[in-house]
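S.K.: Below is input07.cif; it holds mmCIF, C-alpha atoms.
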```
data_entry
loop_
_atom_site.label_atom_id
_atom_site.label_comp_id
_atom_site.auth_asym_id
_atom_site.auth_seq_id
_atom_site.Cartn_x
_atom_site.Cartn_y
_atom_site.Cartn_z
CA MET A 1 37.86 -18.66 -41.16
CA GLY A 2 40.50 -20.09 -38.87
CA ARG A 3 39.63 -19.88 -35.19
CA THR A 4 41.14 -20.71 -31.87
CA THR A 5 39.53 -22.93 -29.27
CA ALA A 6 38.83 -19.81 -27.23
CA GLN A 7 36.30 -18.70 -29.80
CA VAL A 8 32.90 -20.22 -29.29
CA SER A 9 30.53 -20.46 -32.20
CA GLY A 10 28.77 -23.06 -34.33
CA LEU A 11 29.70 -24.41 -37.73
CA SER A 12 30.67 -21.61 -40.13
CA ALA A 13 29.53 -21.63 -43.75
CA GLY A 14 33.17 -21.42 -44.86
CA GLU A 15 34.09 -24.59 -43.00
CA ALA A 16 31.09 -26.44 -44.33
CA VAL A 17 31.62 -25.38 -47.94
CA LEU A 18 35.37 -26.04 -47.82
CA GLY A 19 34.65 -29.52 -46.48
CA LEU A 20 32.22 -30.18 -49.31
CA VAL A 21 34.73 -28.98 -51.94
CA VAL A 22 37.50 -31.13 -50.44
CA GLU A 23 35.12 -34.08 -50.52
CA ARG A 24 34.14 -33.47 -54.13
CA PRO A 25 34.63 -30.47 -56.47
CA GLY A 26 31.50 -28.68 -57.56
CA ASN A 27 30.04 -25.40 -58.76
CA SER A 28 28.13 -22.97 -56.61
CA TYR A 29 24.72 -24.43 -57.48
CA GLN A 30 25.82 -27.98 -56.71
CA LEU A 31 27.44 -26.88 -53.47
CA GLU A 32 24.33 -24.95 -52.45
CA GLN A 33 22.30 -28.13 -52.91
CA ARG A 34 24.82 -30.26 -51.02
CA LEU A 35 25.03 -27.69 -48.22
CA GLU A 36 21.25 -27.78 -47.79
CA GLY A 37 21.15 -31.57 -48.00
CA ARG A 38 23.96 -32.11 -45.52
CA PHE A 39 23.52 -29.23 -43.10
CA GLY A 40 19.89 -28.26 -43.55
CA SER A 41 19.32 -27.81 -39.82
CA ALA A 42 22.03 -25.12 -39.77
CA GLN A 43 19.60 -23.03 -41.84
CA PHE A 44 22.25 -21.29 -43.93
CA ALA A 45 20.78 -18.50 -46.04
CA HIS A 46 20.20 -18.94 -49.75
CA GLY A 47 23.37 -17.96 -51.63
CA THR A 48 25.65 -18.95 -48.76
CA ALA A 49 27.68 -21.37 -50.86
CA TYR A 50 28.25 -18.75 -53.57
CA HIS A 51 29.55 -16.15 -51.10
CA ALA A 52 31.62 -18.74 -49.25
CA LEU A 53 33.20 -19.85 -52.54
CA LYS A 54 34.19 -16.27 -53.32
CA ARG A 55 35.75 -15.87 -49.88
CA LEU A 56 37.53 -19.22 -50.00
CA SER A 57 38.83 -18.47 -53.48
CA LYS A 58 40.21 -15.10 -52.34
CA GLN A 59 41.92 -16.83 -49.42
CA GLY A 60 43.54 -19.28 -51.84
CA LEU A 61 41.85 -22.27 -50.25
CA ILE A 62 40.01 -23.29 -53.43
CA ARG A 63 40.56 -22.66 -57.12
CA ALA A 64 38.66 -23.08 -60.36
CA LEU A 65 39.11 -26.49 -61.86
CA GLU A 66 41.73 -26.71 -64.60
CA GLY A 67 40.25 -25.83 -67.93
CA ASP A 68 37.52 -23.69 -66.37
CA ARG A 69 39.73 -20.76 -65.48
CA ALA A 70 39.39 -19.13 -68.86
CA ILE A 71 35.62 -19.37 -68.56
CA VAL A 72 35.75 -17.89 -65.06
CA SER A 73 37.83 -14.89 -66.21
CA ALA A 74 35.56 -14.32 -69.21
CA ARG A 75 32.44 -14.52 -67.04
CA ALA A 76 33.95 -12.32 -64.34
CA GLU A 77 34.81 -9.69 -66.93
CA ALA A 78 31.26 -9.85 -68.27
CA GLY A 79 29.91 -9.55 -64.71
CA TYR A 80 28.21 -12.98 -64.73
CA LEU A 81 28.07 -15.43 -61.88
CA PRO A 82 30.94 -17.85 -62.32
CA ALA A 83 29.12 -21.19 -62.61
CA THR A 84 32.38 -23.02 -62.70
CA ALA A 85 33.49 -25.96 -60.61
CA TYR A 86 35.97 -25.46 -57.79
CA GLU A 87 38.49 -27.78 -56.22
CA ALA A 88 40.47 -27.40 -53.01
CA THR A 89 44.06 -26.18 -53.11
CA ALA A 90 46.76 -27.79 -50.98
CA ALA A 91 46.31 -24.95 -48.48
CA GLY A 92 42.56 -25.61 -48.49
CA VAL A 93 43.03 -29.30 -47.79
CA GLU A 94 45.45 -28.44 -44.98
CA GLN A 95 42.97 -25.94 -43.52
CA PHE A 96 40.18 -28.51 -43.71
CA GLU A 97 42.29 -31.26 -42.10
CA GLY A 98 43.22 -28.87 -39.28
CA TRP A 99 39.57 -28.00 -38.71
CA LEU A 100 38.48 -31.66 -38.81
CA ARG A 101 40.98 -32.60 -36.12
CA SER A 102 40.55 -29.57 -33.90
CA SER A 103 38.39 -29.68 -30.77
CA THR A 104 34.74 -28.81 -31.26
CA SER A 105 33.51 -25.52 -29.89
CA MET A 106 30.40 -25.25 -27.75
CA PRO A 107 28.01 -22.59 -29.03
CA PRO A 108 26.60 -20.27 -26.37
CA VAL A 109 22.90 -20.47 -25.48
CA ARG A 110 21.51 -17.05 -26.35
CA GLU A 111 17.96 -17.95 -26.96
CA GLU A 112 15.31 -15.29 -27.12
CA LEU A 113 12.60 -17.58 -25.73
CA LEU A 114 14.56 -18.15 -22.51
CA ALA A 115 14.99 -14.41 -22.07
CA LYS A 116 11.28 -13.83 -22.63
CA ILE A 117 10.36 -16.45 -20.05
CA SER A 118 12.78 -14.95 -17.56
CA PHE A 119 11.06 -11.54 -17.98
CA CYS A 120 7.53 -12.96 -18.20
CA ARG A 121 4.90 -11.63 -15.75
CA PRO A 122 1.70 -13.50 -14.78
CA GLU A 123 -0.39 -11.33 -17.11
CA ASP A 124 1.90 -12.30 -20.01
CA LEU A 125 1.17 -16.02 -19.60
CA PRO A 126 -1.49 -16.40 -22.33
CA ARG A 127 0.77 -14.83 -24.96
CA MET A 128 3.79 -16.72 -23.63
CA ILE A 129 1.91 -20.03 -23.99
CA GLN A 130 1.12 -19.10 -27.57
CA ILE A 131 4.78 -18.24 -28.22
CA VAL A 132 5.88 -21.61 -26.81
CA ARG A 133 3.30 -23.33 -29.00
CA GLU A 134 4.62 -21.47 -32.05
CA ALA A 135 8.16 -22.54 -31.14
CA GLU A 136 6.96 -26.14 -30.90
CA LEU A 137 5.37 -25.91 -34.34
CA ALA A 138 8.60 -24.45 -35.73
CA CYS A 139 10.51 -27.42 -34.31
CA MET A 140 7.99 -29.81 -35.87
CA ALA A 141 8.51 -28.11 -39.22
CA GLN A 142 12.25 -28.61 -38.80
CA LEU A 143 11.69 -32.30 -38.06
CA GLU A 144 9.53 -32.71 -41.15
CA GLY A 145 12.12 -30.83 -43.22
CA LEU A 146 14.83 -33.05 -41.81
CA GLY A 147 12.81 -36.07 -42.88
CA GLU A 148 12.53 -34.80 -46.44
CA ARG A 149 16.24 -33.98 -46.65
CA THR A 150 17.15 -37.35 -45.17
CA ARG A 151 15.09 -39.24 -47.70
CA ARG A 152 16.73 -37.24 -50.49
CA ALA A 153 20.25 -37.70 -49.07
CA GLN A 154 19.74 -41.42 -48.60
CA ARG A 155 18.59 -41.82 -52.18
CA LEU A 156 21.76 -40.06 -53.35
CA ALA A 157 24.02 -41.99 -50.99
CA ASP A 158 22.54 -45.42 -51.61
CA ASN A 159 25.64 -46.56 -53.49
CA ASP A 160 28.06 -45.21 -50.92
CA GLU A 161 27.65 -47.23 -47.71
CA TRP A 162 30.08 -45.11 -45.66
CA ARG A 163 28.37 -41.85 -46.65
CA ARG A 164 24.96 -43.41 -45.96
CA VAL A 165 25.99 -44.45 -42.45
CA MET A 166 27.50 -41.03 -41.73
CA SER A 167 24.30 -39.43 -43.01
CA ILE A 168 22.23 -41.56 -40.57
CA ILE A 169 24.48 -40.53 -37.68
CA VAL A 170 24.26 -36.82 -38.54
CA THR A 171 20.49 -37.07 -39.01
CA SER A 172 20.02 -38.81 -35.69
CA GLY A 173 22.00 -36.01 -34.03
CA ASP A 174 19.74 -33.43 -35.66
CA ALA A 175 16.64 -35.41 -34.69
CA ALA A 176 17.81 -35.77 -31.08
CA TRP A 177 18.22 -32.00 -30.89
CA TRP A 178 14.71 -31.27 -32.19
CA ASP A 179 13.26 -34.10 -30.10
CA ALA A 180 14.74 -32.73 -26.88
CA ARG A 181 13.61 -29.26 -27.83
CA ILE A 182 10.02 -30.33 -28.54
CA LYS A 183 9.82 -32.27 -25.29
CA TRP A 184 11.11 -29.33 -23.29
CA LEU A 185 8.65 -26.99 -25.01
CA GLN A 186 5.78 -29.41 -24.32
CA THR A 187 6.68 -29.57 -20.64
CA LEU A 188 7.08 -25.81 -20.49
CA ARG A 189 3.74 -25.22 -22.20
CA GLN A 190 1.92 -27.52 -19.80
CA TYR A 191 3.57 -25.84 -16.83
CA LEU A 192 2.70 -22.35 -18.09
CA GLN A 193 -0.88 -23.48 -18.73
CA SER A 194 -1.27 -24.79 -15.18
CA GLU A 195 0.34 -21.61 -13.82
CA GLY A 196 -2.10 -19.58 -15.90
CA GLN A 197 -5.01 -21.48 -14.37
CA ARG A 198 -3.65 -20.94 -10.87
CA PHE A 199 -3.16 -17.25 -11.58
CA GLN A 200 -6.71 -16.92 -12.91
CA ALA A 201 -8.01 -18.66 -9.78
CA GLY A 202 -6.19 -16.10 -7.66
CA GLN A 203 -3.66 -18.58 -6.32
CA GLY A 204 0.08 -18.04 -6.15
CA PRO A 205 2.66 -19.93 -8.16
CA ALA A 206 2.93 -23.69 -7.65
CA SER A 207 5.37 -24.63 -4.92
CA SER A 208 7.01 -27.37 -6.93
CA PRO A 209 8.92 -26.69 -10.16
CA PRO A 210 7.88 -28.39 -13.40
CA ARG A 211 9.06 -31.93 -14.00
CA VAL A 212 11.31 -31.54 -17.04
CA MET B 1 -11.32 -38.49 -23.23
CA SER B 2 -10.65 -38.85 -19.52
CA PHE B 3 -10.00 -41.56 -16.96
CA PRO B 4 -11.10 -41.55 -13.31
CA ARG B 5 -8.36 -41.18 -10.73
CA GLY B 6 -9.69 -42.03 -7.30
CA ARG B 7 -13.29 -41.16 -6.53
CA ARG B 8 -13.28 -37.46 -7.22
CA HIS B 9 -10.78 -36.76 -9.94
CA LEU B 10 -10.74 -37.23 -13.66
CA VAL B 11 -7.53 -37.22 -15.68
CA ARG B 12 -8.04 -35.72 -19.12
CA VAL B 13 -6.00 -37.70 -21.60
CA LEU B 14 -7.19 -36.36 -24.95
CA SER B 15 -8.92 -33.06 -25.34
CA ASP B 16 -10.46 -31.54 -28.48
CA VAL B 17 -8.26 -33.77 -30.61
CA SER B 18 -9.17 -34.43 -34.19
CA LEU B 19 -6.95 -36.44 -36.45
CA GLN B 20 -7.29 -37.90 -39.90
CA VAL B 21 -5.13 -40.48 -41.65
CA ASP B 22 -5.49 -40.92 -45.39
CA ALA B 23 -4.91 -44.08 -47.38
CA GLY B 24 -1.22 -44.66 -48.11
CA GLU B 25 -0.16 -42.01 -45.63
CA VAL B 26 2.13 -42.30 -42.62
CA VAL B 27 1.44 -40.00 -39.67
CA ALA B 28 3.83 -39.98 -36.71
CA VAL B 29 2.64 -38.57 -33.39
CA LEU B 30 5.52 -37.62 -31.14
CA ALA B 31 4.76 -37.56 -27.43
CA GLN B 32 6.47 -38.20 -24.14
CA ARG B 33 5.45 -41.01 -21.84
CA ALA B 34 2.02 -40.82 -20.23
CA GLN B 35 0.76 -38.17 -22.65
CA GLY B 36 -1.98 -40.26 -24.23
CA LYS B 37 -0.22 -42.05 -27.11
CA THR B 38 -1.65 -45.46 -26.35
CA SER B 39 -5.06 -43.95 -25.55
CA LEU B 40 -5.06 -42.22 -28.93
CA LEU B 41 -4.35 -45.53 -30.66
CA ARG B 42 -6.93 -47.40 -28.59
CA VAL B 43 -9.52 -44.79 -29.52
CA ALA B 44 -8.54 -45.06 -33.19
CA ALA B 45 -8.80 -48.85 -32.99
CA GLY B 46 -12.29 -48.71 -31.52
CA MET B 47 -11.08 -50.35 -28.32
CA GLN B 48 -11.81 -47.34 -26.15
CA ARG B 49 -14.88 -45.19 -26.47
CA PRO B 50 -14.21 -41.47 -26.11
CA ASP B 51 -16.39 -39.47 -23.71
CA HIS B 52 -17.34 -37.14 -26.55
CA GLY B 53 -16.79 -36.97 -30.26
CA ARG B 54 -16.70 -39.40 -33.11
CA VAL B 55 -14.37 -42.12 -34.29
CA SER B 56 -14.94 -42.96 -37.91
CA PHE B 57 -13.43 -45.49 -40.24
CA GLU B 58 -14.15 -45.18 -43.95
CA GLY B 59 -16.91 -42.75 -43.13
CA GLU B 60 -18.63 -45.04 -40.60
CA ASP B 61 -18.89 -44.09 -36.95
CA LEU B 62 -17.20 -46.99 -35.14
CA TRP B 63 -19.46 -46.66 -32.11
CA ARG B 64 -22.63 -46.86 -34.18
CA LEU B 65 -21.54 -50.20 -35.60
CA PRO B 66 -22.74 -53.44 -34.01
CA ASP B 67 -20.26 -54.71 -31.41
CA ARG B 68 -19.38 -57.77 -33.49
CA ARG B 69 -18.66 -55.72 -36.59
CA ARG B 70 -16.47 -53.33 -34.60
CA ALA B 71 -14.63 -56.23 -33.01
CA ARG B 72 -14.02 -57.75 -36.43
CA LEU B 73 -12.56 -54.51 -37.75
CA LEU B 74 -9.77 -54.69 -35.18
CA GLY B 75 -7.46 -57.41 -36.32
CA GLY B 76 -8.92 -57.14 -39.80
CA GLU B 77 -9.11 -53.81 -41.54
CA ILE B 78 -7.60 -52.06 -38.54
CA GLY B 79 -4.34 -53.49 -37.25
CA LEU B 80 -2.69 -52.55 -33.97
CA VAL B 81 0.91 -53.53 -33.28
CA GLY B 82 3.22 -52.72 -30.42
CA PRO B 83 6.10 -54.16 -28.45
CA VAL B 84 4.05 -57.00 -26.98
CA ILE B 85 5.41 -60.46 -26.13
CA PRO B 86 3.31 -63.15 -27.83
CA ASP B 87 1.13 -65.26 -25.52
CA LEU B 88 2.26 -68.53 -27.03
CA ASP B 89 5.86 -69.58 -27.56
CA LEU B 90 5.69 -70.54 -31.23
CA PRO B 91 7.91 -70.06 -34.25
CA MET B 92 7.14 -66.61 -35.69
CA ARG B 93 5.58 -68.10 -38.81
CA SER B 94 2.98 -69.89 -36.64
CA SER B 95 2.58 -66.95 -34.28
CA ILE B 96 1.58 -64.74 -37.21
CA ALA B 97 -0.51 -67.40 -38.93
CA LEU B 98 -2.53 -68.54 -35.90
CA PRO B 99 -4.87 -65.53 -35.65
CA LEU B 100 -5.55 -65.85 -39.39
CA PHE B 101 -6.77 -69.46 -39.23
CA ALA B 102 -10.40 -68.61 -38.59
CA ARG B 103 -10.66 -66.18 -41.47
CA HIS B 104 -8.42 -67.75 -44.10
CA GLY B 105 -7.90 -71.41 -43.24
CA LYS B 106 -4.63 -72.98 -42.19
CA ARG B 107 -2.83 -73.22 -45.51
CA GLU B 108 -3.69 -69.68 -46.60
CA ALA B 109 -2.85 -68.34 -43.14
CA TYR B 110 0.67 -69.79 -43.30
CA ALA B 111 1.15 -68.47 -46.81
CA ARG B 112 0.08 -64.99 -45.68
CA ALA B 113 2.39 -65.15 -42.65
CA LEU B 114 5.39 -66.02 -44.79
CA ALA B 115 4.53 -63.40 -47.39
CA ALA B 116 4.24 -60.73 -44.69
CA LEU B 117 7.58 -61.73 -43.16
CA GLU B 118 9.16 -61.54 -46.59
CA LEU B 119 7.64 -58.12 -47.27
CA MET B 120 9.15 -56.83 -44.03
CA GLY B 121 12.51 -58.42 -44.90
CA ALA B 122 12.25 -60.86 -41.99
CA SER B 123 12.00 -64.21 -43.75
CA GLU B 124 14.85 -65.60 -41.69
CA CYS B 125 12.77 -65.06 -38.53
CA ALA B 126 10.04 -67.45 -39.73
CA GLU B 127 11.27 -70.48 -37.82
CA GLN B 128 12.69 -68.56 -34.87
CA PHE B 129 11.09 -68.07 -31.47
CA TRP B 130 10.45 -64.67 -29.91
CA GLY B 131 13.14 -65.15 -27.26
CA SER B 132 15.86 -65.62 -29.83
CA LEU B 133 15.06 -62.48 -31.83
CA ALA B 134 16.94 -59.20 -31.64
CA ASP B 135 14.92 -56.05 -30.90
CA TRP B 136 14.89 -54.92 -34.52
CA GLU B 137 13.77 -58.39 -35.64
CA ARG B 138 10.95 -58.26 -33.10
CA ALA B 139 9.85 -54.94 -34.58
CA LEU B 140 9.90 -56.43 -38.09
CA VAL B 141 7.93 -59.47 -36.95
CA ALA B 142 5.37 -57.31 -35.14
CA LEU B 143 4.86 -55.25 -38.30
CA ALA B 144 4.65 -58.42 -40.37
CA GLN B 145 1.93 -59.58 -38.00
CA GLY B 146 0.12 -56.30 -38.62
CA ILE B 147 0.34 -56.34 -42.40
CA ALA B 148 -0.44 -60.08 -42.71
CA ARG B 149 -4.07 -59.17 -42.08
CA GLU B 150 -3.94 -56.68 -44.94
CA PRO B 151 -5.22 -53.77 -42.87
CA LYS B 152 -6.45 -50.53 -44.32
CA LEU B 153 -5.23 -48.72 -41.23
CA LEU B 154 -2.21 -49.87 -39.26
CA LEU B 155 -1.73 -48.46 -35.77
CA VAL B 156 1.81 -48.70 -34.43
CA ASP B 157 2.52 -48.12 -30.75
CA ASP B 158 6.11 -47.09 -29.96
CA LEU B 159 7.49 -50.13 -31.71
CA THR B 160 10.83 -48.75 -32.79
CA VAL B 161 11.81 -46.87 -29.66
CA SER B 162 14.41 -49.32 -28.36
CA LEU B 163 16.18 -49.77 -31.67
CA GLY B 164 19.72 -48.77 -32.53
CA LEU B 165 20.94 -45.99 -34.77
CA GLY B 166 19.60 -46.48 -38.26
CA GLU B 167 17.55 -49.57 -37.42
CA ALA B 168 14.31 -47.66 -36.85
CA ASP B 169 15.03 -45.69 -39.99
CA ALA B 170 15.50 -48.82 -42.11
CA ILE B 171 12.31 -50.39 -40.73
CA MET B 172 10.26 -47.26 -41.20
CA ARG B 173 11.48 -46.77 -44.76
CA ARG B 174 10.24 -50.25 -45.54
CA LEU B 175 6.90 -49.63 -43.83
CA ASP B 176 6.55 -46.27 -45.58
CA ARG B 177 7.11 -47.88 -48.98
CA LEU B 178 4.65 -50.68 -48.21
CA ALA B 179 2.00 -48.22 -47.03
CA SER B 180 2.40 -46.18 -50.18
CA GLU B 181 2.41 -49.22 -52.52
CA ARG B 182 -0.47 -51.03 -50.84
CA GLY B 183 -2.46 -47.97 -49.93
CA PHE B 184 -2.91 -48.51 -46.21
CA GLY B 185 -2.69 -45.67 -43.73
CA VAL B 186 -0.26 -45.78 -40.80
CA LEU B 187 -0.75 -43.94 -37.53
CA MET B 188 2.26 -44.39 -35.32
CA CYS B 189 2.94 -43.01 -31.90
CA VAL B 190 6.54 -42.61 -30.83
CA SER B 191 8.25 -41.27 -27.74
CA ASP B 192 11.46 -40.41 -29.57
CA ALA B 193 11.92 -38.53 -32.84
CA GLY B 194 14.74 -40.88 -33.79
CA ALA B 195 12.23 -43.74 -33.77
CA MET B 196 9.94 -42.17 -36.37
CA GLY B 197 12.08 -43.00 -39.33
CA TRP B 198 11.67 -40.29 -41.92
CA SER B 199 8.21 -40.81 -43.13
CA GLY B 200 5.19 -38.68 -43.59
CA ARG B 201 3.64 -36.09 -41.36
CA VAL B 202 4.66 -35.18 -37.85
CA ALA B 203 2.24 -34.23 -35.08
CA THR B 204 2.86 -33.86 -31.38
CA LEU B 205 0.72 -34.74 -28.39
CA ALA B 206 1.17 -33.23 -24.93
CA GLY B 207 -1.30 -32.70 -22.15
CA GLY B 208 -4.03 -34.10 -24.39
CA GLU B 209 -3.38 -31.39 -26.99
CA LEU B 210 -2.44 -32.36 -30.50
CA LEU B 211 -0.35 -29.92 -32.57
CA ASP B 212 -0.36 -30.02 -36.34
CA LEU B 213 1.58 -27.92 -38.81
CA SER B 214 -1.33 -27.46 -41.17
CA ARG B 215 -3.20 -25.21 -38.72
CA THR B 216 -2.57 -21.66 -37.68
CA PRO B 217 -1.23 -21.18 -34.15
CA ALA B 218 -4.59 -19.82 -33.02
CA GLN B 219 -6.28 -23.06 -34.05
CA GLN B 220 -3.83 -25.38 -32.35
CA GLY B 221 -5.25 -27.28 -29.43
CA LYS B 222 -8.81 -26.41 -30.39
CA ILE B 223 -10.43 -28.41 -33.13
CA ILE B 224 -7.62 -29.87 -35.15
CA ASP B 225 -8.16 -32.14 -38.09
CA PHE B 226 -5.74 -33.71 -40.48
CA PRO B 227 -6.53 -32.99 -44.11
CA GLY B 228 -4.82 -34.96 -46.86
CA THR B 229 -1.35 -33.72 -47.66
CA GLY B 230 0.01 -32.17 -50.84
CA ALA B 231 -1.80 -32.80 -54.08
CA ASP B 232 -3.76 -35.62 -52.56
CA THR B 233 -6.80 -36.52 -54.59
CA ARG B 234 -7.90 -39.38 -52.36
CA ASP B 235 -10.94 -38.97 -50.25
CA PRO B 236 -10.06 -38.45 -46.63
CA ARG B 237 -11.92 -41.36 -45.16
CA ARG B 238 -10.41 -42.44 -41.91
CA GLY B 239 -10.35 -40.28 -38.89
CA ILE B 240 -10.84 -40.02 -35.19
CA SER B 241 -11.82 -37.29 -32.87
CA SER B 242 -12.30 -37.22 -29.18
#
```
The structure given in the file should be rewritten as structure tokens.
M.R.:
Amino acid sequence: MGRTTAQVSGLSAGEAVLGLVVERPGNSYQLEQRLEGRFGSAQFAHGTAYHALKRLSKQGLIRALEGDRAIVSARAEAGYLPATAYEATAAGVEQFEGWLRSSTSMPPVREELLAKISFCRPEDLPRMIQIVREAELACMAQLEGLGERTRRAQRLADNDEWRRVMSIIVTSGDAAWWDARIKWLQTLRQYLQSEGQRFQAGQGPASSPPRV
Amino acid sequence: MSFPRGRRHLVRVLSDVSLQVDAGEVVAVLAQRAQGKTSLLRVAAGMQRPDHGRVSFEGEDLWRLPDRRRARLLGGEIGLVGPVIPDLDLPMRSSIALPLFARHGKREAYARALAALELMGASECAEQFWGSLADWERALVALAQGIAREPKLLLVDDLTVSLGLGEADAIMRRLDRLASERGFGVLMCVSDAGAMGWSGRVATLAGGELLDLSRTPAQQGKIIDFPGTGADTRDPRRGISS
């Protein structure tokens, strides 16, 4: 889980789940819900919180809440999912504090769409336009999903002004990302469409690049 | 819909766009500048006649209505608000009440203006002048002006774009609740996703093409309509197409 500044990647599930447990103990179901509510745009897979809890527990960063340990052992022996609540250990809190204060990494841009455009030939333009349109629709779905999650999170955080404000800031960051993405895709789609028309008319590519 | 540019050229602003807004629903159209947001709203308001297609309100084709009836709809059952400076420098209470005088009489008009300001949480702006208001207060007052006329369809043109973090969200949450409680539809055009608040459906407009999640990719940009969302049992009654 720990990483140096030389490593470049986005938010890991372990960091997110540990942060949530430090903030407030919870069981795997509760943490799954909170993970989705707080970091929905990260699109963590279903079951992420459960697996992260197992990993964090093995690393000694979290432990079952006092009183629940007996239940955990009994359930583990019976092969059931331990639906017990976890809290952070001192090592977990230290790990979290270190992460919170460390510099933020910059994830690399390895987007498939960019690669496809770089390899695109004039005859691929109609399909490429469709792909860009699909990407735009996917971004719109993310925006709508963000709206739903935000409404839910704000209802839950209504009594906690600090959490509500932080939620607005995080949401606006998410929205800005999708907004920029949609605008770029719109510009790209229009440019590809005009290039397609030029290509069909037997003209070469436009001399001026798209206005992005 | 297209506009002439010079003598020979036509600029297509909206193309094969079909959009429907149901009662109590908020639809946000996200588009960059100069992509037809205002044109879309002007078409929906019956202020601009599309070259082709139909604009209907509660099942009636707006352009088959007598001119006077269509003119009365705008400012009555159809409200259009945007970041516009009022013509007259009046306290906000009077600025909102003045256009209501003819229809409701002076006393009722003032009562409606105050009620609308209160509904938008802007009661303290009632005696203030436009110049003394903050941007977010101006947005609240503009929306109060819109809802004071008790519209069935409220058109909102990029009203919340200059607002700070969380301000647009707070305003839109209030508008969303009002729309749902009072059953009026809202069609808002925004140039920034952060200005949408977190209400309702999202559509995008670029190059005259409207994208909507409820259609398959193959249908996008062709004939797109906006059916009611979820388990909506209301009749879809208001719509535009151009």
S.K.: Could you check the closest approach to chain B for each of A:Ser105, A:Gln30, A:Thr84, A:Gln186 and tell me which residue wins, using all atoms listed in the file?
M.R.: A:Gln186
S.K.: Could you list, as a list in words, the residues of chain A having an atom within 8 Å of chain B when counting all atoms listed in the file?
M.R.: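 Only these qualify: Gln130, Arg133, Glu134, Leu137, Met140, Ala141, Leu143, Glu144, Leu146, Gly147, Glu148, Thr150, Arg151, Val165, Ile168, Ile169, Ser172, Ala175, Ala176, Trp178, Asp179, Lys183, Gln186, Thr187 and Gln190 of chain A.
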S.K.: One decimal, Å: what's the distance from CA of Leu140 in chain B over to CA of Phe57 in chain B, could you say?
M.R.: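 Distance between the two atoms: 25.9 Å.
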S.K.: What does the distance from CA of Ile182 in chain A to CA of Met128 in chain A come to in Å, to one decimal?
M.R.: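 Interatomic distance, CA of Ile182 in chain A to CA of Met128 in chain A: 15.8 Å.
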S.K.: Once the PyMOL selection byres ((chain A and resi 20-22) around 12) is applied to the coordinates I shared, what remains selected? I want it as JSON, numbers by chain.
M.R.: {"A": [13, 14, 15, 16, 17, 18, 19, 23, 24, 25, 26, 27, 28, 30, 31, 32, 33, 34, 35, 36, 37, 38, 39, 49, 52, 53, 56, 57, 61, 62, 63, 64, 65, 85, 86, 87, 88, 89, 90, 91, 92, 93, 94, 95, 96, 97, 100]}
S.K.: Suppose we keep C-alpha atoms; can you now write the selection as a compact mmCIF listing (two decimals), in the frame of the given file?
M.R.:
```
# COMPACT_ATOMS: atom_id res chain seq x y z
CA ALA A 13 29.53 -21.63 -43.75
CA GLY A 14 33.17 -21.42 -44.86
CA GLU A 15 34.09 -24.59 -43.00
CA ALA A 16 31.09 -26.44 -44.33
CA VAL A 17 31.62 -25.38 -47.94
CA LEU A 18 35.37 -26.04 -47.82
CA GLY A 19 34.65 -29.52 -46.48
CA GLU A 23 35.12 -34.08 -50.52
CA ARG A 24 34.14 -33.47 -54.13
CA PRO A 25 34.63 -30.47 -56.47
CA GLY A 26 31.50 -28.68 -57.56
CA ASN A 27 30.04 -25.40 -58.76
CA SER A 28 28.13 -22.97 -56.61
CA GLN A 30 25.82 -27.98 -56.71
CA LEU A 31 27.44 -26.88 -53.47
CA GLU A 32 24.33 -24.95 -52.45
CA GLN A 33 22.30 -28.13 -52.91
CA ARG A 34 24.82 -30.26 -51.02
CA LEU A 35 25.03 -27.69 -48.22
CA GLU A 36 21.25 -27.78 -47.79
CA GLY A 37 21.15 -31.57 -48.00
CA ARG A 38 23.96 -32.11 -45.52
CA PHE A 39 23.52 -29.23 -43.10
CA ALA A 49 27.68 -21.37 -50.86
CA ALA A 52 31.62 -18.74 -49.25
CA LEU A 53 33.20 -19.85 -52.54
CA LEU A 56 37.53 -19.22 -50.00
CA SER A 57 38.83 -18.47 -53.48
CA LEU A 61 41.85 -22.27 -50.25
CA ILE A 62 40.01 -23.29 -53.43
CA ARG A 63 40.56 -22.66 -57.12
CA ALA A 64 38.66 -23.08 -60.36
CA LEU A 65 39.11 -26.49 -61.86
CA ALA A 85 33.49 -25.96 -60.61
CA TYR A 86 35.97 -25.46 -57.79
CA GLU A 87 38.49 -27.78 -56.22
CA ALA A 88 40.47 -27.40 -53.01
CA THR A 89 44.06 -26.18 -53.11
CA ALA A 90 46.76 -27.79 -50.98
CA ALA A 91 46.31 -24.95 -48.48
CA GLY A 92 42.56 -25.61 -48.49
CA VAL A 93 43.03 -29.30 -47.79
CA GLU A 94 45.45 -28.44 -44.98
CA GLN A 95 42.97 -25.94 -43.52
CA PHE A 96 40.18 -28.51 -43.71
CA GLU A 97 42.29 -31.26 -42.10
CA LEU A 100 38.48 -31.66 -38.81
```
S.K.: Please report the interatomic distance between CA of Tyr191 in chain A and CA of Asp174 in chain A in Å with one decimal.
M.R.: 26.0 Å
S.K.: When the PyMOL selection byres ((chain B and resi 24) around 6) is applied to the structure above, which residues does it catch, written out as a list in words?
M.R.: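 Written out, the selection comes to Ala23, Glu25, Ala179, Ser180, Gly183, Phe184 and Gly185 of chain B.
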S.K.: Give me the residues within 8 Å of Leu41 in chain B as a PDB file with C-alpha atoms, keeping the file's coordinate frame, counting only C-alpha atoms and dropping any in the same chain fewer than 6 places off.
M.R.:
```
ATOM      1  CA  LEU B  80      -2.690 -52.550 -33.970  1.00  0.00           C
ATOM      2  CA  LEU B 155      -1.730 -48.460 -35.770  1.00  0.00           C
ATOM      3  CA  VAL B 156       1.810 -48.700 -34.430  1.00  0.00           C
ATOM      4  CA  ASP B 157       2.520 -48.120 -30.750  1.00  0.00           C
ATOM      5  CA  LEU B 187      -0.750 -43.940 -37.530  1.00  0.00           C
ATOM      6  CA  CYS B 189       2.940 -43.010 -31.900  1.00  0.00           C
TER       7      CYS B 189
END
```
